[in-house]
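Structure data follow from final22.txt (compact mmCIF, C-alpha atoms and all ligand atoms):
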```txt
# COMPACT_ATOMS: atom_id res chain seq x y z
CA MET A 19 16.09 127.77 268.73
CA LYS A 20 15.34 130.49 266.17
CA GLU A 21 15.45 129.59 262.47
CA ALA A 22 18.26 132.06 261.98
CA ASP A 23 20.44 130.04 264.34
CA HIS A 24 20.86 127.29 261.74
CA HIS A 25 22.96 129.50 259.48
CA GLN A 26 26.66 130.05 259.99
CA ASP A 27 26.69 133.11 257.73
CA ALA A 28 24.56 136.12 258.53
CA ILE A 29 25.10 137.57 255.04
CA ILE A 30 26.30 135.97 251.82
CA ALA A 31 26.46 138.38 248.88
CA THR A 32 27.15 136.88 245.47
CA ASN A 33 27.95 139.08 242.45
CA LEU A 34 25.71 141.82 243.81
CA ARG A 35 25.32 144.60 241.26
CA LYS A 36 23.44 147.89 240.95
CA THR A 37 23.54 150.54 238.23
CA PHE A 38 21.88 153.94 238.08
CA ALA A 39 21.60 154.99 234.40
CA ASP A 40 25.21 154.78 233.24
CA ILE A 41 26.73 154.69 236.76
CA VAL A 42 27.81 151.30 238.05
CA ALA A 43 27.29 151.95 241.76
CA VAL A 44 28.03 148.38 242.88
CA ASP A 45 29.99 146.21 240.47
CA SER A 46 29.27 142.51 241.11
CA ILE A 47 30.65 142.22 244.63
CA SER A 48 30.82 139.00 246.64
CA PHE A 49 31.51 138.70 250.36
CA SER A 50 30.14 137.07 253.45
CA VAL A 51 29.61 138.13 257.05
CA LYS A 52 29.72 135.48 259.74
CA ARG A 53 27.28 135.30 262.60
CA GLY A 54 28.55 137.28 265.55
CA GLU A 55 30.88 139.50 263.53
CA ILE A 56 31.04 143.27 263.49
CA PHE A 57 31.69 143.92 259.82
CA GLY A 58 32.55 147.37 258.46
CA LEU A 59 32.16 148.61 254.91
CA LEU A 60 34.59 151.45 254.27
CA GLY A 61 35.29 153.56 251.22
CA PRO A 62 35.45 157.12 249.93
CA ASN A 63 32.33 159.07 248.90
CA GLY A 64 30.49 157.40 246.07
CA ALA A 65 32.28 154.05 246.46
CA GLY A 66 28.97 152.16 246.70
CA LYS A 67 28.61 151.53 250.46
CA THR A 68 25.09 152.91 250.91
CA THR A 69 23.88 151.24 247.72
CA THR A 70 25.21 147.90 249.03
CA ALA A 71 23.53 148.40 252.42
CA ARG A 72 20.25 149.42 250.72
CA MET A 73 20.25 146.28 248.59
CA LEU A 74 20.96 144.05 251.57
CA THR A 75 18.15 145.64 253.58
CA GLY A 76 15.64 145.42 250.73
CA VAL A 77 15.23 149.16 250.11
CA ILE A 78 16.30 148.74 246.47
CA SER A 79 16.63 145.56 244.44
CA PRO A 80 19.84 144.46 242.80
CA ASP A 81 20.18 144.44 238.98
CA GLY A 82 22.33 141.37 239.17
CA GLY A 83 23.54 138.76 241.63
CA ASN A 84 21.87 138.01 244.90
CA ALA A 85 22.36 137.90 248.64
CA ALA A 86 21.11 135.72 251.46
CA ILE A 87 20.40 136.91 254.98
CA PHE A 88 20.55 133.98 257.39
CA GLY A 89 19.98 131.76 254.38
CA TYR A 90 16.97 133.72 253.05
CA ASP A 91 17.30 135.06 249.54
CA ILE A 92 16.74 138.87 249.44
CA VAL A 93 15.25 138.74 245.93
CA HIS A 94 12.82 135.83 246.27
CA THR A 95 12.08 135.82 250.02
CA PRO A 96 12.56 139.48 251.00
CA ILE A 97 10.15 139.38 253.94
CA ARG A 98 11.84 136.36 255.54
CA ALA A 99 15.22 137.96 254.88
CA LYS A 100 14.18 141.20 256.60
CA GLN A 101 12.43 139.65 259.59
CA ARG A 102 15.51 139.18 261.74
CA CYS A 103 17.15 142.48 260.73
CA GLY A 104 17.18 145.91 262.30
CA VAL A 105 18.12 148.91 260.16
CA VAL A 106 19.57 152.30 261.09
CA PRO A 107 19.52 154.14 257.75
CA GLU A 108 21.77 157.02 256.68
CA THR A 109 19.00 159.59 256.99
CA ALA A 110 16.74 159.80 260.04
CA ASN A 111 13.43 158.00 259.70
CA ALA A 112 11.59 158.79 262.95
CA TYR A 113 8.28 160.67 262.73
CA SER A 114 9.05 164.16 263.97
CA ASP A 115 5.50 165.02 265.10
CA LEU A 116 5.33 161.92 267.29
CA SER A 117 7.10 161.46 270.62
CA ALA A 118 10.03 159.08 271.06
CA TRP A 119 7.71 156.69 272.89
CA GLN A 120 5.05 156.81 270.13
CA ASN A 121 7.70 156.14 267.49
CA LEU A 122 8.85 153.08 269.41
CA MET A 123 5.33 151.77 269.90
CA LEU A 124 4.65 152.23 266.18
CA MET A 125 7.75 150.19 265.41
CA GLY A 126 6.53 147.51 267.82
CA GLU A 127 3.22 147.30 265.95
CA LEU A 128 4.98 147.12 262.57
CA TYR A 129 7.05 144.17 263.75
CA GLY A 130 4.18 142.52 265.61
CA VAL A 131 5.87 142.79 269.02
CA PRO A 132 3.31 142.16 271.82
CA LYS A 133 2.40 145.50 273.50
CA HIS A 134 3.54 144.71 277.04
CA TYR A 135 6.84 143.38 275.73
CA ALA A 136 7.31 146.41 273.42
CA GLU A 137 6.76 148.74 276.39
CA GLU A 138 9.25 146.93 278.58
CA ARG A 139 11.83 146.81 275.82
CA ALA A 140 11.27 150.49 274.90
CA LYS A 141 11.95 151.51 278.51
CA THR A 142 15.15 149.49 278.65
CA LEU A 143 16.43 150.83 275.32
CA LEU A 144 15.55 154.46 276.07
CA GLY A 145 17.27 154.13 279.45
CA ALA A 146 20.42 152.62 277.97
CA LEU A 147 20.57 155.32 275.30
CA GLY A 148 19.99 158.23 277.69
CA LEU A 149 16.52 159.17 276.37
CA LEU A 150 14.11 157.94 279.06
CA GLU A 151 13.46 161.41 280.48
CA ARG A 152 12.65 162.75 277.02
CA LYS A 153 10.40 159.86 275.98
CA ASP A 154 7.18 161.92 275.78
CA GLN A 155 8.67 164.83 273.85
CA LYS A 156 8.14 165.21 270.13
CA VAL A 157 11.10 164.15 268.02
CA GLN A 158 11.14 167.52 266.21
CA GLY A 159 12.77 169.06 269.30
CA PHE A 160 15.52 166.41 269.42
CA SER A 161 19.16 167.08 268.56
CA LYS A 162 20.79 165.07 265.77
CA GLY A 163 22.46 162.79 268.31
CA MET A 164 19.19 162.19 270.18
CA LYS A 165 17.40 161.36 266.92
CA GLN A 166 20.11 158.92 265.95
CA ARG A 167 19.91 157.24 269.38
CA LEU A 168 16.13 156.96 269.03
CA ILE A 169 16.48 155.42 265.57
CA LEU A 170 18.88 152.87 267.01
CA ALA A 171 16.34 152.05 269.75
CA MET A 172 13.63 151.70 267.09
CA ALA A 173 15.81 149.34 265.06
CA LEU A 174 16.40 147.21 268.16
CA LEU A 175 12.85 146.97 269.48
CA HIS A 176 12.18 143.54 267.95
CA GLU A 177 15.59 142.19 269.04
CA PRO A 178 17.09 141.60 265.59
CA ASP A 179 19.87 139.05 265.07
CA LEU A 180 21.49 141.28 262.46
CA LEU A 181 21.76 145.05 262.72
CA PHE A 182 22.57 147.26 259.71
CA LEU A 183 23.84 150.78 260.33
CA ASP A 184 24.71 153.35 257.67
CA GLU A 185 27.21 155.88 259.04
CA PRO A 186 25.86 155.46 262.60
CA THR A 187 27.94 158.17 264.27
CA SER A 188 28.57 160.58 261.43
CA GLY A 189 28.40 164.17 262.64
CA LEU A 190 27.46 163.24 266.21
CA ASP A 191 28.90 164.63 269.44
CA VAL A 192 31.14 162.57 271.73
CA GLN A 193 28.33 161.62 274.13
CA SER A 194 26.01 160.24 271.44
CA THR A 195 28.92 158.51 269.70
CA GLN A 196 29.96 156.80 272.94
CA LEU A 197 26.41 155.74 273.81
CA ILE A 198 25.95 154.27 270.34
CA THR A 199 29.30 152.47 270.08
CA GLY A 200 28.91 151.19 273.65
CA MET A 201 25.50 149.79 272.76
CA LEU A 202 26.90 148.15 269.60
CA ARG A 203 29.62 146.41 271.61
CA GLU A 204 27.11 145.21 274.19
CA LEU A 205 24.76 143.89 271.49
CA ASN A 206 27.61 142.11 269.79
CA ASP A 207 28.71 140.54 273.09
CA GLY A 208 25.16 139.21 273.30
CA GLY A 209 25.49 137.61 269.85
CA THR A 210 24.04 140.25 267.50
CA THR A 211 25.78 140.44 264.13
CA ILE A 212 26.51 144.02 263.06
CA PHE A 213 27.04 145.38 259.56
CA LEU A 214 27.99 149.05 259.37
CA THR A 215 29.21 151.51 256.80
CA THR A 216 31.52 154.25 257.97
CA HIS A 217 34.03 156.91 256.99
CA ASN A 218 35.46 156.85 260.45
CA MET A 219 38.62 154.75 260.39
CA GLU A 220 39.19 155.00 264.11
CA GLU A 221 35.69 153.69 264.77
CA ALA A 222 36.14 150.84 262.27
CA ASN A 223 39.50 150.00 263.79
CA ARG A 224 38.10 149.85 267.32
CA LEU A 225 34.79 148.15 266.58
CA CYS A 226 35.10 145.83 263.60
CA ASN A 227 36.33 142.25 263.46
CA ARG A 228 36.63 142.57 259.69
CA VAL A 229 36.38 145.40 257.20
CA ALA A 230 35.89 145.59 253.45
CA ILE A 231 37.26 148.60 251.62
CA MET A 232 35.19 149.58 248.57
CA ARG A 233 36.57 151.51 245.64
CA LYS A 234 34.49 152.47 242.60
CA GLY A 235 31.82 149.85 243.24
CA GLU A 236 34.27 147.02 243.90
CA ILE A 237 35.75 145.49 247.02
CA ALA A 238 39.43 146.40 246.92
CA ALA A 239 40.39 144.65 250.17
CA ILE A 240 38.72 142.62 252.87
CA ASP A 241 40.36 141.50 256.10
CA SER A 242 40.68 142.23 259.81
CA PRO A 243 41.82 145.80 260.54
CA GLU A 244 45.06 144.46 262.05
CA ARG A 245 45.96 142.27 259.07
CA LEU A 246 45.00 145.01 256.65
CA LYS A 247 47.31 147.46 258.37
CA MET A 248 50.20 145.02 258.53
CA ALA A 249 49.86 143.68 254.98
CA ILE A 250 49.61 147.09 253.40
CA GLU A 251 52.14 148.97 255.42
CA ARG A 252 55.19 146.72 255.24
CA LEU A 253 57.47 149.66 256.00
CA HIS A 254 57.67 150.53 259.67
CA THR A 255 58.60 153.89 261.08
CA ILE A 256 60.96 154.31 264.02
CA GLU A 257 61.17 157.58 265.85
CA VAL A 258 64.45 158.27 267.64
CA SER A 259 66.07 161.26 269.34
CA PHE A 260 69.55 161.60 270.77
CA ASP A 261 71.25 163.72 273.39
CA PRO A 262 73.13 165.72 272.27
CA ALA A 263 70.65 166.30 269.46
CA GLY A 264 72.89 167.42 266.60
CA THR A 265 73.59 164.02 265.05
CA ASP A 266 75.20 164.04 261.66
CA ASP A 267 73.58 162.49 258.62
CA LYS A 268 75.53 159.23 258.90
CA LEU A 269 72.44 157.76 260.56
CA ALA A 270 70.70 157.59 257.18
CA SER A 271 73.41 155.31 255.79
CA LEU A 272 73.08 152.60 258.44
CA PRO A 273 72.30 149.18 256.93
CA GLY A 274 68.61 148.25 256.64
CA ILE A 275 67.37 151.85 256.77
CA LYS A 276 65.15 152.83 253.83
CA SER A 277 64.99 156.50 254.66
CA ALA A 278 65.79 158.86 257.52
CA ARG A 279 64.54 162.40 257.82
CA ARG A 280 64.79 164.98 260.55
CA GLU A 281 61.68 166.34 262.22
CA GLY A 282 62.66 168.94 264.80
CA ASP A 283 65.00 167.22 267.25
CA LYS A 284 63.85 163.74 266.17
CA TRP A 285 64.71 161.36 263.38
CA MET A 286 61.96 159.51 261.56
CA ILE A 287 63.40 156.32 260.13
CA THR A 288 61.65 153.87 257.84
CA THR A 289 62.71 150.25 257.62
CA GLU A 290 61.38 146.83 256.63
CA ASP A 291 63.30 145.13 259.44
CA VAL A 292 62.50 146.81 262.75
CA ASP A 293 64.63 144.50 264.91
CA SER A 294 67.94 144.87 263.09
CA THR A 295 67.40 148.62 262.62
CA ILE A 296 66.89 149.14 266.36
CA HIS A 297 70.11 147.20 267.03
CA ALA A 298 71.94 149.34 264.45
CA ILE A 299 70.61 152.57 266.00
CA CYS A 300 71.75 151.47 269.49
CA ALA A 301 75.21 150.58 268.18
CA PHE A 302 75.36 153.95 266.41
CA GLY A 303 74.55 155.70 269.71
CA VAL A 304 77.31 153.85 271.56
CA GLU A 305 79.85 154.48 268.81
CA HIS A 306 79.13 158.25 268.71
CA GLN A 307 78.63 158.63 272.48
CA LEU A 308 75.01 159.70 272.05
CA LYS A 309 72.41 159.02 274.69
CA ILE A 310 69.14 157.71 273.23
CA GLU A 311 66.34 159.88 274.63
CA VAL A 312 63.34 158.44 272.78
CA LEU A 313 63.08 155.32 270.66
CA ARG A 314 59.72 154.08 269.55
CA THR A 315 58.16 152.25 266.63
CA LEU A 316 55.07 153.76 265.07
CA ALA A 317 52.47 151.24 263.99
CA PRO A 318 50.75 151.75 260.65
CA THR A 319 47.20 153.08 260.95
CA LEU A 320 44.02 151.92 259.26
CA ASP A 321 43.90 155.39 257.68
CA GLU A 322 47.15 154.66 255.86
CA ALA A 323 45.88 151.26 254.74
CA PHE A 324 42.63 152.84 253.55
CA LEU A 325 44.41 155.53 251.57
CA ARG A 326 46.76 153.02 249.99
CA VAL A 327 43.89 150.78 248.88
CA THR A 328 41.53 153.54 247.73
CA GLU A 329 44.30 155.29 245.80
CA GLY A 330 44.73 152.11 243.77
CA GLY A 331 47.55 150.40 245.68
CA SER A 332 47.70 146.64 245.73
CA TYR A 333 46.65 144.54 248.68
CA GLU A 334 48.05 141.08 249.29
CA PRO A 335 46.69 139.38 252.39
N1 LIG V 401 19.32 156.87 243.66
C1 LIG V 401 20.41 157.10 242.92
N2 LIG V 401 20.32 157.62 241.68
C2 LIG V 401 21.40 157.87 240.92
N3 LIG V 401 22.67 157.61 241.32
C3 LIG V 401 22.84 157.10 242.54
C4 LIG V 401 21.72 156.81 243.41
N4 LIG V 401 22.22 156.30 244.57
C5 LIG V 401 23.56 156.26 244.44
N5 LIG V 401 23.94 156.74 243.23
C6 LIG V 401 25.32 156.82 242.71
O1 LIG V 401 25.96 155.58 242.94
C7 LIG V 401 27.29 155.74 243.37
C8 LIG V 401 27.49 155.08 244.73
O2 LIG V 401 26.76 155.81 245.70
P1 LIG V 401 26.66 155.38 247.23
O3 LIG V 401 25.72 156.35 247.88
O4 LIG V 401 26.36 153.95 247.32
O5 LIG V 401 28.14 155.62 247.72
P2 LIG V 401 28.71 155.68 249.22
O6 LIG V 401 29.95 154.86 249.21
O7 LIG V 401 27.65 155.28 250.17
O8 LIG V 401 29.06 157.20 249.34
P3 LIG V 401 28.96 158.20 250.63
O9 LIG V 401 30.12 157.83 251.49
O10 LIG V 401 29.12 159.54 250.02
O11 LIG V 401 27.63 157.98 251.29
C9 LIG V 401 27.55 157.24 243.37
O12 LIG V 401 28.15 157.58 242.14
C10 LIG V 401 26.16 157.84 243.49
O13 LIG V 401 26.11 159.10 242.88
```
Serialized structure, structure tokens:
Amino acid sequence: MKEADHHQDAIIATNLRKTFADIVAVDSISFSVKRGEIFGLLGPNGAGKTTTARMLTGVISPDGGNAAIFGYDIVHTPIRAKQRCGVVPETANAYSDLSAWQNLMLMGELYGVPKHYAEERAKTLLGALGLLERKDQKVQGFSKGMKQRLILAMALLHEPDLLFLDEPTSGLDVQSTQLITGMLRELNDGGTTIFLTTHNMEEANRLCNRVAIMRKGEIAAIDSPERLKMAIERLHTIEVSFDPAGTDDKLASLPGIKSARREGDKWMITTEDVDSTIHAICAFGVEHQLKIEVLRTLAPTLDEAFLRVTEGGSYEP
């Protein structure tokens, strides 16, 4: 059993803080990431996501607080803390005048991976990420998506237990995005803990077990995407259309309806009580001899939750 296996938490951050001159980039944040989780750090530009990731991966040191990676303190035992981690940084870090294969072998040497094992693993990773045929070409001829896939392969060569990714699919095409997210899911199924920063709500929603939303250096909310959406967006929207379409405005005065507005031939109704509002709409249809053509509830999105939190709205789990 690896040493890392003894620790329940992959990351425990306690009052982690970083300032640059008079800017408080990260303002004493505390959170933990459990083993086996995919954890997403979200937030608008300048919220402090990259600074947090850079402190956790030992690129910069915190001014205050501390963090432990699989129980190893990042300030006092940085090498132990980094040993079981793989890092995909925000900006590409492959050597452009070396081939993909040479970059991978270099990474193997850095991490002390035995040569024959590094070669086997490099082949598997390049194959899975669609780069095997290009393995002997210099990285300078690679597209952005190919570079990002290579960097992921490099970060995975020594089979880390915890993978950090800063904006892993930002600006990439659909093919590279799918290869990368597919690989992340597969790794996670195999037990790898994943910590990523992203602007992409849809990606966070699909991939992450839990997300933290940062705002001005602080964590404004932390929860599963589902609970975050439900807790923040207590109002539900119901879309309904009738035949014949020209319903009068009495619909808006039905009990339980917060608001009703027309959008083309549809009504968009907001309510806190979906069940009784649907019953009221059906009764309204019967009473006015209107056939209901479409009736559907629209779930709140993580985008809405994100905007609410980052614009300063409250969050109560
Ligand atoms: N090396 C640095 N020197 C000076 N200020 C910095 C440095 N790195 C970050 N900052 C500042 O710290 C704050 C947080 O930046 P950070 O890059 O962590 O945000 P972010 O959430 O990752 O943003 P983005 O989504 O744009 O990448 C910003 O105000 C930024 O300008």
Between region 23-53 of chain A and region 57-75 of chain A, at 8 Å or less, what are the per-residue closest atom pairs and their distances in Å? Count only C-alpha atoms, order by chain and rising residue number, and return it as a Markdown table.
```
| residue | atom | partner | partner_atom | distance |
| --- | --- | --- | --- | --- |
| A:Lys36 | CA | A:Thr69 | CA | 7.6 |
| A:Ala43 | CA | A:Gly66 | CA | 5.2 |
| A:Val44 | CA | A:Gly66 | CA | 5.5 |
| A:Val51 | CA | A:Phe57 | CA | 6.7 |
```
Within 8 Å of (16.5, 151.7, 263.9), in the coordinates the file gives, what residues turn up when you count only C-alpha atoms, written out as a ChimeraX atom specification?
/A:104-107,168-174
Selection near Phe302 (chain A), 12 Å with all atoms listed in the file, sequence-local residues under 4 positions removed, as JSON, numbers by chain
{"A": [258, 260, 265, 266, 267, 268, 269, 270, 271, 272, 273, 295, 296, 297, 298, 306, 307, 308, 309, 310]}
Just give me the residues with any atom within 6 Å of (60.2, 153.4, 267.9), file coordinates, counting all atoms listed in the file, written as a list of chain:residue names.
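Nearby residues: A:Ile256, A:Glu257, A:Leu313, A:Arg314, A:Thr315, A:Leu316.
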Just to confirm, what's the straight-line distance from CA of Ala278 (chain A) to CA of Thr255 (chain A) in Å (one decimal)?
9.4 Å
Measuring atom to atom with only C-alpha atoms and all ligand atoms, identify which of A:Ile56, A:Ile78, A:Leu320, A:Ile47 is nearest to ligand LIG 401 (chain V).
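Ranked by minimum distance to ligand LIG 401 (chain V), first place goes to A:Ile78.
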Would you please work out which residue, of A:Val292, A:Ile198, A:Ile237, A:Val304, is nearest to ligand LIG 401 (chain V) when using only C-alpha atoms and all ligand atoms?
A:Ile237
Can you tell me how far CA of Leu197 (chain A) sits from CA of Lys165 (chain A), in Å to one decimal?
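Computing it gives 12.7 Å between the two atoms.
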Just region 261-297 of chain A from the block, N, CA and C atoms, as a PDB file, in the first residue's frame, could you?
```pdb
ATOM      1  N   ASP A 261     -53.102  25.956 -26.799  1.00  0.00           N
ATOM      2  CA  ASP A 261     -53.751  26.029 -28.111  1.00  0.00           C
ATOM      3  C   ASP A 261     -55.258  26.195 -27.863  1.00  0.00           C
ATOM      4  N   PRO A 262     -55.885  27.251 -28.286  1.00  0.00           N
ATOM      5  CA  PRO A 262     -55.310  28.391 -29.010  1.00  0.00           C
ATOM      6  C   PRO A 262     -54.357  29.213 -28.130  1.00  0.00           C
ATOM      7  N   ALA A 263     -53.443  29.914 -28.824  1.00  0.00           N
ATOM      8  CA  ALA A 263     -52.331  30.554 -28.123  1.00  0.00           C
ATOM      9  C   ALA A 263     -52.717  31.830 -27.364  1.00  0.00           C
ATOM     10  N   GLY A 264     -53.669  32.560 -27.849  1.00  0.00           N
ATOM     11  CA  GLY A 264     -53.949  33.892 -27.291  1.00  0.00           C
ATOM     12  C   GLY A 264     -54.617  33.889 -25.926  1.00  0.00           C
ATOM     13  N   THR A 265     -53.899  33.411 -24.915  1.00  0.00           N
ATOM     14  CA  THR A 265     -54.461  33.372 -23.561  1.00  0.00           C
ATOM     15  C   THR A 265     -54.437  34.762 -22.953  1.00  0.00           C
ATOM     16  N   ASP A 266     -55.457  35.086 -22.186  1.00  0.00           N
ATOM     17  CA  ASP A 266     -55.399  36.412 -21.565  1.00  0.00           C
ATOM     18  C   ASP A 266     -54.498  36.393 -20.327  1.00  0.00           C
ATOM     19  N   ASP A 267     -54.297  37.581 -19.777  1.00  0.00           N
ATOM     20  CA  ASP A 267     -53.289  37.722 -18.726  1.00  0.00           C
ATOM     21  C   ASP A 267     -53.721  37.191 -17.363  1.00  0.00           C
ATOM     22  N   LYS A 268     -54.911  36.557 -17.320  1.00  0.00           N
ATOM     23  CA  LYS A 268     -55.376  36.019 -16.025  1.00  0.00           C
ATOM     24  C   LYS A 268     -54.408  34.975 -15.473  1.00  0.00           C
ATOM     25  N   LEU A 269     -53.652  34.354 -16.375  1.00  0.00           N
ATOM     26  CA  LEU A 269     -52.702  33.311 -15.970  1.00  0.00           C
ATOM     27  C   LEU A 269     -51.763  33.818 -14.870  1.00  0.00           C
ATOM     28  N   ALA A 270     -51.340  35.078 -15.028  1.00  0.00           N
ATOM     29  CA  ALA A 270     -50.364  35.648 -14.086  1.00  0.00           C
ATOM     30  C   ALA A 270     -50.938  35.766 -12.680  1.00  0.00           C
ATOM     31  N   SER A 271     -52.271  35.770 -12.560  1.00  0.00           N
ATOM     32  CA  SER A 271     -52.845  35.972 -11.222  1.00  0.00           C
ATOM     33  C   SER A 271     -53.226  34.652 -10.531  1.00  0.00           C
ATOM     34  N   LEU A 272     -52.829  33.533 -11.133  1.00  0.00           N
ATOM     35  CA  LEU A 272     -53.114  32.256 -10.469  1.00  0.00           C
ATOM     36  C   LEU A 272     -52.342  32.170  -9.148  1.00  0.00           C
ATOM     37  N   PRO A 273     -52.888  31.494  -8.139  1.00  0.00           N
ATOM     38  CA  PRO A 273     -52.188  31.425  -6.856  1.00  0.00           C
ATOM     39  C   PRO A 273     -50.847  30.701  -6.979  1.00  0.00           C
ATOM     40  N   GLY A 274     -49.855  31.161  -6.251  1.00  0.00           N
ATOM     41  CA  GLY A 274     -48.537  30.498  -6.210  1.00  0.00           C
ATOM     42  C   GLY A 274     -47.575  30.961  -7.286  1.00  0.00           C
ATOM     43  N   ILE A 275     -48.097  31.741  -8.271  1.00  0.00           N
ATOM     44  CA  ILE A 275     -47.217  32.185  -9.359  1.00  0.00           C
ATOM     45  C   ILE A 275     -46.524  33.495  -8.970  1.00  0.00           C
ATOM     46  N   LYS A 276     -45.230  33.509  -9.063  1.00  0.00           N
ATOM     47  CA  LYS A 276     -44.451  34.719  -8.714  1.00  0.00           C
ATOM     48  C   LYS A 276     -44.468  35.706  -9.861  1.00  0.00           C
ATOM     49  N   SER A 277     -44.290  35.184 -11.072  1.00  0.00           N
ATOM     50  CA  SER A 277     -44.326  36.071 -12.233  1.00  0.00           C
ATOM     51  C   SER A 277     -44.679  35.249 -13.462  1.00  0.00           C
ATOM     52  N   ALA A 278     -45.248  35.894 -14.438  1.00  0.00           N
ATOM     53  CA  ALA A 278     -45.567  35.215 -15.705  1.00  0.00           C
ATOM     54  C   ALA A 278     -45.324  36.203 -16.829  1.00  0.00           C
ATOM     55  N   ARG A 279     -44.497  35.820 -17.771  1.00  0.00           N
ATOM     56  CA  ARG A 279     -44.268  36.723 -18.903  1.00  0.00           C
ATOM     57  C   ARG A 279     -44.374  35.928 -20.204  1.00  0.00           C
ATOM     58  N   ARG A 280     -44.787  36.660 -21.240  1.00  0.00           N
ATOM     59  CA  ARG A 280     -44.941  36.007 -22.533  1.00  0.00           C
ATOM     60  C   ARG A 280     -43.643  36.033 -23.310  1.00  0.00           C
ATOM     61  N   GLU A 281     -43.305  34.913 -23.918  1.00  0.00           N
ATOM     62  CA  GLU A 281     -42.154  34.861 -24.831  1.00  0.00           C
ATOM     63  C   GLU A 281     -42.637  34.178 -26.095  1.00  0.00           C
ATOM     64  N   GLY A 282     -42.945  34.961 -27.122  1.00  0.00           N
ATOM     65  CA  GLY A 282     -43.511  34.393 -28.341  1.00  0.00           C
ATOM     66  C   GLY A 282     -44.859  33.768 -28.013  1.00  0.00           C
ATOM     67  N   ASP A 283     -45.046  32.519 -28.372  1.00  0.00           N
ATOM     68  CA  ASP A 283     -46.330  31.864 -28.091  1.00  0.00           C
ATOM     69  C   ASP A 283     -46.300  31.105 -26.760  1.00  0.00           C
ATOM     70  N   LYS A 284     -45.242  31.318 -25.970  1.00  0.00           N
ATOM     71  CA  LYS A 284     -45.121  30.590 -24.699  1.00  0.00           C
ATOM     72  C   LYS A 284     -45.266  31.539 -23.512  1.00  0.00           C
ATOM     73  N   TRP A 285     -45.577  30.938 -22.378  1.00  0.00           N
ATOM     74  CA  TRP A 285     -45.523  31.669 -21.113  1.00  0.00           C
ATOM     75  C   TRP A 285     -44.369  31.132 -20.298  1.00  0.00           C
ATOM     76  N   MET A 286     -43.607  32.040 -19.697  1.00  0.00           N
ATOM     77  CA  MET A 286     -42.543  31.634 -18.784  1.00  0.00           C
ATOM     78  C   MET A 286     -43.009  32.043 -17.386  1.00  0.00           C
ATOM     79  N   ILE A 287     -43.224  31.026 -16.552  1.00  0.00           N
ATOM     80  CA  ILE A 287     -43.802  31.260 -15.230  1.00  0.00           C
ATOM     81  C   ILE A 287     -42.785  30.922 -14.156  1.00  0.00           C
ATOM     82  N   THR A 288     -42.631  31.795 -13.175  1.00  0.00           N
ATOM     83  CA  THR A 288     -41.743  31.435 -12.068  1.00  0.00           C
ATOM     84  C   THR A 288     -42.584  31.163 -10.822  1.00  0.00           C
ATOM     85  N   THR A 289     -42.131  30.176 -10.060  1.00  0.00           N
ATOM     86  CA  THR A 289     -42.862  29.779  -8.863  1.00  0.00           C
ATOM     87  C   THR A 289     -41.906  29.126  -7.860  1.00  0.00           C
ATOM     88  N   GLU A 290     -42.288  29.152  -6.588  1.00  0.00           N
ATOM     89  CA  GLU A 290     -41.488  28.435  -5.587  1.00  0.00           C
ATOM     90  C   GLU A 290     -42.048  27.027  -5.391  1.00  0.00           C
ATOM     91  N   ASP A 291     -43.307  26.829  -5.821  1.00  0.00           N
ATOM     92  CA  ASP A 291     -43.963  25.547  -5.595  1.00  0.00           C
ATOM     93  C   ASP A 291     -44.407  24.973  -6.943  1.00  0.00           C
ATOM     94  N   VAL A 292     -43.523  24.171  -7.525  1.00  0.00           N
ATOM     95  CA  VAL A 292     -43.751  23.661  -8.879  1.00  0.00           C
ATOM     96  C   VAL A 292     -45.028  22.825  -8.948  1.00  0.00           C
ATOM     97  N   ASP A 293     -45.212  21.943  -7.963  1.00  0.00           N
ATOM     98  CA  ASP A 293     -46.326  20.997  -7.996  1.00  0.00           C
ATOM     99  C   ASP A 293     -47.681  21.713  -8.031  1.00  0.00           C
ATOM    100  N   SER A 294     -47.906  22.627  -7.080  1.00  0.00           N
ATOM    101  CA  SER A 294     -49.224  23.262  -7.046  1.00  0.00           C
ATOM    102  C   SER A 294     -49.412  24.190  -8.242  1.00  0.00           C
ATOM    103  N   THR A 295     -48.332  24.766  -8.761  1.00  0.00           N
ATOM    104  CA  THR A 295     -48.469  25.647  -9.929  1.00  0.00           C
ATOM    105  C   THR A 295     -48.864  24.834 -11.165  1.00  0.00           C
ATOM    106  N   ILE A 296     -48.283  23.647 -11.321  1.00  0.00           N
ATOM    107  CA  ILE A 296     -48.655  22.810 -12.476  1.00  0.00           C
ATOM    108  C   ILE A 296     -50.143  22.425 -12.380  1.00  0.00           C
ATOM    109  N   HIS A 297     -50.591  22.072 -11.166  1.00  0.00           N
ATOM    110  CA  HIS A 297     -52.010  21.754 -10.988  1.00  0.00           C
ATOM    111  C   HIS A 297     -52.880  22.952 -11.358  1.00  0.00           C
TER     112      HIS A 297
END
```
